[in-house]
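Asker: This is the structure I have questions about; it appears just below.
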Amino acid sequence: MQTDTLHAFKRRLASGPVYGPFSKATDPAFVEAAGYAGFDFIILDLEHGPAGTQALQNLIRGAEVAGVVPIVRVKEAPRTLIGEVLDIGAAGVQVPQISTADEARAAVAAAKFGAGSGRGVCRFVRAARYATTPGSEYLERANEALVVLQLEGRRALDNLESIISVSGIDVVFIGPYDLSQSLGHPGEVEHPEVVQAIEKIVRSCQARGVTVGTFVDTPESAERGLAAGIRYLSYSVDLGIFTEACRNLLSMLHAAGNKSAGNKSAGNASPSSLNASPN
Ligand code: 3PY
Ligand code: MG
């Protein structure tokens, strides 16, 4: 990703909400379309999507072409998975199910080069332009990759303060669906206990100056999240957005079709009335 694009994104993230859908389609055209539509970032989803590393690399290329920041949600936290997606050019990594400060520290370390870091060094990777980027420049720039950690379980709530005080976290991301399941209300993201837990995470992060993100899938929940101070807002999923657009279009077409059928049957009645005319 162009450094300027990443820096501009970080400035927008610091000051106001940034918006991005998840992507589960494996065709880069969806990623490009999201970028051309103006989304700030896109979360390429390996946790709940089918893409493998090769497809992912092309999705990242699509994001770069359209100037939308590609964040990759890995399946889980192992350092090799985090290093792998950064090596092929992800601008950031989003790690699910962080429950303790140790897990948070390990995820941050896996995304960074340097003493005590967990990321393996190789310059012959796409992120280093196959070793054409000078080594020191690459290692420095690579450490600008965003680290987004998902808090989405009861244990994360128990360890909230220690997790969010780990340094190197760019965004704490609340996963409302997994949180609802962990709290005993699977899928009920509006359940009062779930809403209270979300509010608690948001308040604690705000008190420490940590940027908060979440996932929403209705305009109402987007509005509530933004009013509460969510700055990294993930709305829906590319294939869900496409499906919804198709359904809206179809209901418009069905309504137009029904109207035209109604007009025709009214029109069929008219010849007899015309026949009845004295003219
Ligand atoms: C969740 O709601 O659990 C998520 O991970 C959202 O993407
Ligand atoms: Mg989740």
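Naming scheme: A, B, ... for chains in displayed order of the structure tokens; residues 1 onward per chain; ligands 1 onward as shown.
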Pull the alpha helix (DSSP H) assignments for stretch 66-126 of chain A out of DSSP run on the backbone, and list those residues as an mmCIF file with N, CA and C atoms, in the first residue's frame.
Answerer:
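Final output, saved to selection27.cif:
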```
data_model
loop_
_atom_site.group_PDB
_atom_site.id
_atom_site.type_symbol
_atom_site.label_atom_id
_atom_site.label_comp_id
_atom_site.auth_asym_id
_atom_site.auth_seq_id
_atom_site.Cartn_x
_atom_site.Cartn_y
_atom_site.Cartn_z
ATOM 1 N N ALA A 66 -7.589 0.625 -6.050
ATOM 2 C CA ALA A 66 -8.725 1.526 -5.808
ATOM 3 C C ALA A 66 -8.504 2.445 -4.605
ATOM 4 N N ARG A 79 1.521 -16.247 15.236
ATOM 5 C CA ARG A 79 2.374 -15.208 14.656
ATOM 6 C C ARG A 79 2.663 -15.474 13.173
ATOM 7 N N THR A 80 2.703 -16.762 12.771
ATOM 8 C CA THR A 80 3.022 -17.035 11.366
ATOM 9 C C THR A 80 1.882 -16.568 10.455
ATOM 10 N N LEU A 81 0.637 -16.684 10.917
ATOM 11 C CA LEU A 81 -0.490 -16.229 10.086
ATOM 12 C C LEU A 81 -0.478 -14.715 9.950
ATOM 13 N N ILE A 82 -0.150 -14.053 11.042
ATOM 14 C CA ILE A 82 -0.118 -12.579 11.022
ATOM 15 C C ILE A 82 1.021 -12.108 10.104
ATOM 16 N N GLY A 83 2.201 -12.711 10.254
ATOM 17 C CA GLY A 83 3.337 -12.350 9.395
ATOM 18 C C GLY A 83 3.047 -12.626 7.931
ATOM 19 N N GLU A 84 2.379 -13.723 7.668
ATOM 20 C CA GLU A 84 2.105 -14.122 6.280
ATOM 21 C C GLU A 84 1.255 -13.070 5.559
ATOM 22 N N VAL A 85 0.189 -12.601 6.214
ATOM 23 C CA VAL A 85 -0.683 -11.641 5.508
ATOM 24 C C VAL A 85 -0.007 -10.274 5.377
ATOM 25 N N LEU A 86 0.854 -9.940 6.334
ATOM 26 C CA LEU A 86 1.591 -8.669 6.208
ATOM 27 C C LEU A 86 2.644 -8.792 5.111
ATOM 28 N N ASP A 87 3.282 -9.954 5.003
ATOM 29 C CA ASP A 87 4.284 -10.179 3.945
ATOM 30 C C ASP A 87 3.685 -9.976 2.553
ATOM 31 N N ALA A 101 -4.385 -9.948 28.216
ATOM 32 C CA ALA A 101 -3.329 -8.993 27.842
ATOM 33 C C ALA A 101 -2.165 -9.721 27.174
ATOM 34 N N ASP A 102 -1.874 -10.946 27.614
ATOM 35 C CA ASP A 102 -0.782 -11.704 26.988
ATOM 36 C C ASP A 102 -1.084 -11.976 25.512
ATOM 37 N N GLU A 103 -2.335 -12.338 25.237
ATOM 38 C CA GLU A 103 -2.711 -12.576 23.832
ATOM 39 C C GLU A 103 -2.591 -11.288 23.026
ATOM 40 N N ALA A 104 -2.992 -10.178 23.645
ATOM 41 C CA ALA A 104 -2.907 -8.883 22.947
ATOM 42 C C ALA A 104 -1.441 -8.549 22.651
ATOM 43 N N ARG A 105 -0.578 -8.746 23.643
ATOM 44 C CA ARG A 105 0.855 -8.454 23.448
ATOM 45 C C ARG A 105 1.440 -9.344 22.346
ATOM 46 N N ALA A 106 1.056 -10.623 22.358
ATOM 47 C CA ALA A 106 1.593 -11.555 21.349
ATOM 48 C C ALA A 106 1.133 -11.155 19.947
ATOM 49 N N ALA A 107 -0.114 -10.709 19.831
ATOM 50 C CA ALA A 107 -0.627 -10.308 18.509
ATOM 51 C C ALA A 107 0.104 -9.065 18.013
ATOM 52 N N VAL A 108 0.319 -8.104 18.910
ATOM 53 C CA VAL A 108 1.046 -6.882 18.507
ATOM 54 C C VAL A 108 2.472 -7.264 18.094
ATOM 55 N N ALA A 109 3.126 -8.114 18.897
ATOM 56 C CA ALA A 109 4.511 -8.504 18.599
ATOM 57 C C ALA A 109 4.603 -9.225 17.260
ATOM 58 N N ALA A 110 3.586 -10.033 16.943
ATOM 59 C CA ALA A 110 3.605 -10.795 15.692
ATOM 60 C C ALA A 110 3.523 -9.894 14.474
#
```
Asker: Restrict the calculation to only C-alpha atoms and all ligand atoms, then for each residue of chain A with any atom at most 7 Å from an atom of ligand 1 give the closest atom pair and their distance in Å to one decimal, rows by chain and rising residue number, as JSON lines.
Answerer:
```
{"residue": "A:Pro96", "atom": "CA", "partner": "ligand 1", "partner_atom_place_in_ligand_line": "5 (O)", "distance": 6.7}
{"residue": "A:Glu152", "atom": "CA", "partner": "ligand 1", "partner_atom_place_in_ligand_line": "3 (O)", "distance": 6.1}
{"residue": "A:Gly175", "atom": "CA", "partner": "ligand 1", "partner_atom_place_in_ligand_line": "1 (C)", "distance": 3.4}
{"residue": "A:Pro176", "atom": "CA", "partner": "ligand 1", "partner_atom_place_in_ligand_line": "2 (O)", "distance": 3.9}
{"residue": "A:Tyr177", "atom": "CA", "partner": "ligand 1", "partner_atom_place_in_ligand_line": "2 (O)", "distance": 3.4}
{"residue": "A:Asp178", "atom": "CA", "partner": "ligand 1", "partner_atom_place_in_ligand_line": "3 (O)", "distance": 3.7}
{"residue": "A:Leu179", "atom": "CA", "partner": "ligand 1", "partner_atom_place_in_ligand_line": "3 (O)", "distance": 6.2}
{"residue": "A:Phe215", "atom": "CA", "partner": "ligand 1", "partner_atom_place_in_ligand_line": "6 (C)", "distance": 5.1}
```
Asker: Please write out the residues within 12 Å of ligand 2 as a VMD selection string, counting only C-alpha atoms and all ligand atoms.
Answerer: chain A and resid 22 45 to 48 73 to 76 94 to 98 149 to 153 173 to 182 186 to 187 189 214 to 216
Asker: Please determine, counting only C-alpha atoms, which residue among A:Ile198, A:Val72, A:Ala51, A:Cys246 has the shortest atom-to-atom distance to A:Val212.
Answerer: A:Ile198
Asker: Excluding A:Arg123 and residues on its chain fewer than 3 positions from it, collect all residues at most 10 Å away from it, counting only C-alpha atoms, and give them as a list in words.
Answerer: Asp87, Arg126, Ala127, Ala128, Arg129, Tyr130, Ala131, Thr132, Thr133, Pro134, Gly135, Tyr138 and Leu139 of chain A
Asker: A:Leu239, A:Gly168, A:Val18, A:Thr218: which is nearest A:Gly49, counting only C-alpha atoms?
Answerer: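 Closest to A:Gly49 of all the choices is A:Leu239.
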Asker: I want to know what sits within 12 Å of stretch 9-15 of chain A, based on only C-alpha atoms, with residues of the same chain fewer than 3 positions away left out; could you give that as a PyMOL selection string?
Answerer: chain A and resi 1-6+18-20+39-42+67-71+91-92+144-147+170-171+209-213+229-233
Asker: Pick the closest to A:Glu140 from A:His191, A:Phe113, A:Val172, A:Arg208: which is it, counting only C-alpha atoms?
Answerer: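 Looking only at the distances to A:Glu140, the closest residue turns out to be A:Phe113.
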